[in-house]
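Asks: Structure provided below as structure tokens; questions to follow.
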Amino acid sequence: MNGLLEILRKELADSFNSKRFIILFLLVYLAGIATIYIAAQNIRAAVGDSTSNIFLSLFVVSGSDLPFSFPLFMSIFIPIIGIALGFDAINSERIGGNLSRVLAQPIYRDSLINGKFLSGLTMISVLIVSVVAIVAGLGLRLIGVPPEAEEILRLFMFVIVSILYGAFWMSLSVLFSVLFKKTSTSVLASIAVWIFMFLFMGIIANLIAGAAFPLSQDSTVAQVADYDNIFRMVSRISPGTLYAESIQAILLPMMGSTSPTMMMIGMYSGLMPSPLPLSQSLMLVWPQLVGLVALTAVCFTIAYVKFMREEIRST
Amino acid sequence: MSENLIVETHDLTKIYGKFTAVNSLNLRIEEGEVFGLLGPNGAGKTTTILMLMGFCEPTSGSVLINGFNPLREPIKVKSIVGYMPEKIGFYDDMTARENLEYTGRLNGLGGSGLKATIDELFEVVGLKDRANQPVGTFSHGMKQRLGIADVMIKQPKIAIFDEPTSGIDPEGTDQVLNLIKTMARQKVTVIISSHQLHQLQKVCSCVGIFSRGQLIATGSVDKLGREALRKGNYHIILPIAQLADRVRTEINGIPGVRSIDSVADSTVVAADDDISVELSRVVLETTGLKVQMKVEEFALEDIYMQYFKGS
């Protein structure tokens, strides 16, 4: 505990005062408000005659003016927030000449990295909770349909999973801040991983699945299912896929499978999807959630061990 | 003789790949000493300091600071040791006061006591007018003085300064050295690494000369000078150009006298011990003259050059 609270307090004060986070907050709020406004305009057409989960639909509907739904926005912004919070955690201390001075005080070495991580986690939580609260409040005002209890629970789960996703990107960038001496290198490395996961993982998954089970005009359903299986497996290497699948199941109670293709096949063969209770939706994406937690833990552990064993030189 | 060792290393060794930075170092520093670590760049001074602080793990050997191992009991060591690294930095967008407050709180201080201590420290280091300005606006010399305040805030038993005067102007250097002397007067054990020999000589009661990771000589500047330059002999200088043979014979009779030489307008008596009292008595008895004599003093530069002449 030595020093942890003091470090946490200083880091939080720094974060809340820095321009970096004011910009991030504004950006995220703006995106949130824009998507919810578009969604509210298109919700009548999207929901149709359905009477359940109308409030939740507000979070998934997108429009033709802005083809992004709120969760899609979040899946783009959360990595940026996570990276912005962690990329210079350790190496900026070293560059500023503060690392050896602060660690010469009677605190345990891990108090510093733990304090930085906890402060980042707090920032992510504040940001996500507040944007979801703003969006939900605005949505309520725009459509006037109050949420059901289960919808609130689902939103709550969405918040938790989003924080987890942010924690992953932050721990990855903290790891790079321990590994690389320059902040420019660590931010570039973090962004490189993000772009690779975001853009190229889908292409790679496509290639691998296509090589294993080539699809053609007259492929059977079984072949399509095989292809889809491999495609999903490979793309789940990306934490982005894990997040996307999780929030899909959480925000869309209709999703009986994490694969839209499989849902489609089911519907063609006459299975009509019916909404799942929250517990079943969670069961569906439990592996994805565990995967996200594990990835976060692995990154943080490597960063922690590396930092603890490292030599603290002032130059 | 060594009643109160506060820093002790036993065969301390640090090897990076094939390079031995510190080689079986046995350093002993007594409480209250001002110990200077001397040596060329890359001799292992900073690496030694890092191992004293527990900032890097020795390849073999051990360190004891006030009886504690800095790797096993870091809190106990770091609560009594103040350290000023070579490239000291502060949080640039925080004020000097905020920076010191942060250090103070990390040391478990707080409240009005902390505020009073900080006010006092700003007075001591002469930064009272700049206390509420961001450290980003400070000059190198001012940061260095703030660094000393940062070390003093925890009231350490041991203060370690790594190159405290490098890169600052003569006036700044003087201020820093005076502050270090102030600490020494308060019975703080001070360890300074530097290659600014003149400055080191001004403050150190004892110096250790490092070469290639080894301590090749330790002791007071006078002792080192005698060993390095005078084969361990004391040289006592008499301001008399020529001594009568009778006087020479008498002086030779004093136990421990090795040689008597005329150098320019004075006479140098070499002896095993400091025999100046004996010598002045002999001179007074034989010549009836009361002469001022002095034991030769050494410049650290000369000693240093003697040790590193070959390399």
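Residue names in the structure tokens use chain letters A, B, ... in the order shown, residue numbers from 1 in each chain, and ligand numbers from 1 in the order shown.
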Run DSSP on the backbone and give me the residues of region 38-109 of chain B it puts in strand (DSSP E), as a ChimeraX atom specification.
Replies: /B:38,60-65,81-84
Asks: Residues within 12 Å of Ser15 (chain A), please, as a list in words. Count only C-alpha atoms; anything in the same chain fewer than 2 positions from it doesn't count.
Replies: Leu8, Arg9, Lys10, Glu11, Leu12, Ala13, Asn17, Ser18, Lys19, Arg20, Phe21, Ile22, Ile23, Leu24, Phe25, Ala84, Leu85, Gly86, Ala89, Lys116, Ser119, Gly120, Leu121, Thr122, Met123, Ile124, Val126 and Leu127 of chain A
Asks: Selection from above, C-alpha atoms, as an mmCIF file, in the first residue's frame, can you write it?
Replies:
```cif
data_model
loop_
_atom_site.group_PDB
_atom_site.id
_atom_site.type_symbol
_atom_site.label_atom_id
_atom_site.label_comp_id
_atom_site.auth_asym_id
_atom_site.auth_seq_id
_atom_site.Cartn_x
_atom_site.Cartn_y
_atom_site.Cartn_z
ATOM 1 C CA LEU A 8 -3.255 7.401 -7.597
ATOM 2 C CA ARG A 9 -4.327 10.804 -6.339
ATOM 3 C CA LYS A 10 -1.624 12.616 -8.277
ATOM 4 C CA GLU A 11 -2.250 10.663 -11.471
ATOM 5 C CA LEU A 12 -5.979 11.338 -11.345
ATOM 6 C CA ALA A 13 -5.406 15.037 -10.719
ATOM 7 C CA ASN A 17 -6.433 18.611 -15.674
ATOM 8 C CA SER A 18 -4.722 17.605 -18.881
ATOM 9 C CA LYS A 19 -5.827 18.885 -22.263
ATOM 10 C CA ARG A 20 -5.446 15.394 -23.682
ATOM 11 C CA PHE A 21 -8.455 14.178 -21.739
ATOM 12 C CA ILE A 22 -10.577 17.221 -22.255
ATOM 13 C CA ILE A 23 -10.231 16.596 -26.004
ATOM 14 C CA LEU A 24 -11.023 12.893 -25.596
ATOM 15 C CA PHE A 25 -14.069 13.608 -23.449
ATOM 16 C CA ALA A 84 -4.028 7.627 -24.776
ATOM 17 C CA LEU A 85 -4.178 6.736 -21.079
ATOM 18 C CA GLY A 86 -1.299 4.306 -21.031
ATOM 19 C CA ALA A 89 2.820 5.814 -18.309
ATOM 20 C CA LYS A 116 -0.888 4.420 -12.973
ATOM 21 C CA SER A 119 -5.861 5.798 -12.346
ATOM 22 C CA GLY A 120 -6.242 4.875 -16.021
ATOM 23 C CA LEU A 121 -8.972 2.399 -15.167
ATOM 24 C CA THR A 122 -10.765 5.074 -13.167
ATOM 25 C CA MET A 123 -10.560 7.502 -16.086
ATOM 26 C CA ILE A 124 -11.930 4.915 -18.524
ATOM 27 C CA VAL A 126 -15.686 7.726 -15.611
ATOM 28 C CA LEU A 127 -15.658 8.351 -19.337
#
```
Asks: Tell me as a PDB file with N, CA, C and O atoms, in the first residue's frame which residues belonging to chain A come within 6 Å of chain B, counting only C-alpha atoms.
Replies:
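Writing done, so here's part_29.pdb:
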```pdb
ATOM      1  N   GLY A   3       2.412   4.346  -0.569  1.00  0.00           N
ATOM      2  CA  GLY A   3       2.492   5.311  -1.656  1.00  0.00           C
ATOM      3  C   GLY A   3       1.432   5.162  -2.722  1.00  0.00           C
ATOM      4  O   GLY A   3       1.236   6.075  -3.518  1.00  0.00           O
ATOM      5  N   GLY A  96      11.427  12.353 -18.109  1.00  0.00           N
ATOM      6  CA  GLY A  96      11.371  13.577 -17.308  1.00  0.00           C
ATOM      7  C   GLY A  96      12.362  13.579 -16.155  1.00  0.00           C
ATOM      8  O   GLY A  96      12.488  14.564 -15.451  1.00  0.00           O
ATOM      9  N   GLY A  97      13.041  12.440 -15.919  1.00  0.00           N
ATOM     10  CA  GLY A  97      13.982  12.360 -14.803  1.00  0.00           C
ATOM     11  C   GLY A  97      13.287  12.178 -13.460  1.00  0.00           C
ATOM     12  O   GLY A  97      13.885  12.364 -12.412  1.00  0.00           O
ATOM     13  N   ASN A  98      11.995  11.809 -13.516  1.00  0.00           N
ATOM     14  CA  ASN A  98      11.243  11.667 -12.274  1.00  0.00           C
ATOM     15  C   ASN A  98      11.289  10.244 -11.713  1.00  0.00           C
ATOM     16  O   ASN A  98      11.084  10.044 -10.531  1.00  0.00           O
ATOM     17  N   ALA A 104      13.056   6.654  -5.327  1.00  0.00           N
ATOM     18  CA  ALA A 104      13.976   6.743  -4.196  1.00  0.00           C
ATOM     19  C   ALA A 104      13.212   7.060  -2.912  1.00  0.00           C
ATOM     20  O   ALA A 104      13.782   7.047  -1.832  1.00  0.00           O
ATOM     21  N   GLN A 105      11.922   7.351  -3.056  1.00  0.00           N
ATOM     22  CA  GLN A 105      11.112   7.601  -1.857  1.00  0.00           C
ATOM     23  C   GLN A 105      10.668   6.249  -1.273  1.00  0.00           C
ATOM     24  O   GLN A 105      10.656   5.256  -1.989  1.00  0.00           O
ATOM     25  N   PRO A 106      10.325   6.225  -0.006  1.00  0.00           N
ATOM     26  CA  PRO A 106       9.973   4.937   0.609  1.00  0.00           C
ATOM     27  C   PRO A 106       8.634   4.379   0.127  1.00  0.00           C
ATOM     28  O   PRO A 106       7.656   4.350   0.861  1.00  0.00           O
ATOM     29  N   GLU A 311      16.314  -2.102 -14.404  1.00  0.00           N
ATOM     30  CA  GLU A 311      17.269  -1.243 -13.713  1.00  0.00           C
ATOM     31  C   GLU A 311      16.767   0.193 -13.819  1.00  0.00           C
ATOM     32  O   GLU A 311      16.383   0.632 -14.891  1.00  0.00           O
ATOM     33  N   ILE A 312      16.760   0.904 -12.689  1.00  0.00           N
ATOM     34  CA  ILE A 312      16.258   2.279 -12.716  1.00  0.00           C
ATOM     35  C   ILE A 312      17.434   3.235 -12.859  1.00  0.00           C
ATOM     36  O   ILE A 312      18.043   3.625 -11.877  1.00  0.00           O
ATOM     37  N   SER A 314      18.916   6.942 -14.316  1.00  0.00           N
ATOM     38  CA  SER A 314      18.306   8.255 -14.540  1.00  0.00           C
ATOM     39  C   SER A 314      18.495   8.716 -15.977  1.00  0.00           C
ATOM     40  O   SER A 314      17.903   9.674 -16.414  1.00  0.00           O
TER      41      SER A 314
END
```
Asks: From the options A:Ala209, A:Leu199, A:Ile134, A:Val174, which residue's atoms come nearest to Val298 (chain A), counting only C-alpha atoms?
Replies: A:Val174
Asks: Residues near region 236-248 of chain B, anyone? I mean within 12 Å using only C-alpha atoms, not counting same-chain ones fewer than 3 positions away, as a ChimeraX atom specification.
Replies: /B:226,230,233,251-254,257-297
Asks: For the atom pair CA of Met170 (chain A) and CA of Gly32 (chain A), what is the interatomic distance in Å to one decimal place?
Replies: 21.2 Å
Asks: As JSON, numbers by chain, please: the residues near Ala249 (chain A) (cut-off 8 Å, only C-alpha atoms, same-chain neighbours under 5 positions excluded).
Replies: {"A": [254, 255, 256, 257, 258, 281, 282, 284, 285]}
Asks: From the list A:Ile36, A:Met267, A:Phe196, A:Trp286, which residue is nearest Phe70 (chain A) when using only C-alpha atoms?
Replies: A:Ile36
Asks: Extract, using only C-alpha atoms, all DNA, RNA and protein residues at most 10 Å from Ser52 (chain A), discarding same-chain residues fewer than 6 positions from it, and format them as a list in words.
Replies: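 My reading of the contact set: Pro147, Glu148, Glu151, Pro253 and Pro275 of chain A.
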Asks: Please provide as a PyMOL selection string all residues within 6 Å of Gly39 (chain B), with the sequence filter that same-chain residues fewer than 4 positions apart are discarded (counting only C-alpha atoms).
Replies: chain B and resi 43+209-210
Asks: Hey, can you spit out that residue selection with N, CA and C atoms as a JSON list (two decimals), in the first residue's frame?
Replies:
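Result saved to part23.json:
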```
[["chain", "number", "residue", "atom", "x", "y", "z"],
["B", 43, "ALA", "N", 33.71, 4.13, -14.72],
["B", 43, "ALA", "CA", 34.49, 3.40, -13.72],
["B", 43, "ALA", "C", 33.59, 2.61, -12.78],
["B", 209, "ILE", "N", 38.82, 6.15, -4.80],
["B", 209, "ILE", "CA", 39.11, 6.29, -6.23],
["B", 209, "ILE", "C", 38.73, 5.00, -6.95],
["B", 210, "PHE", "N", 37.86, 5.14, -7.96],
["B", 210, "PHE", "CA", 37.37, 4.01, -8.73],
["B", 210, "PHE", "C", 38.13, 3.90, -10.03]]
```
Asks: Taking only region 7-237 of chain B into account, list the residues labelled helix (DSSP H, G or I) by DSSP (computed from the backbone), as JSON, numbers by chain.
Replies: {"B": [45, 46, 47, 48, 49, 50, 51, 52, 53, 74, 75, 76, 77, 78, 96, 97, 98, 99, 100, 101, 102, 103, 104, 105, 106, 111, 112, 113, 114, 115, 116, 117, 118, 119, 120, 121, 122, 123, 124, 125, 128, 129, 130, 135, 136, 137, 140, 141, 142, 143, 144, 145, 146, 147, 148, 149, 150, 151, 152, 170, 171, 172, 173, 174, 175, 176, 177, 178, 179, 180, 181, 182, 183, 184, 185, 197, 198, 199, 200, 201, 202, 203, 221, 222, 223, 224, 225, 226, 227, 228, 229]}
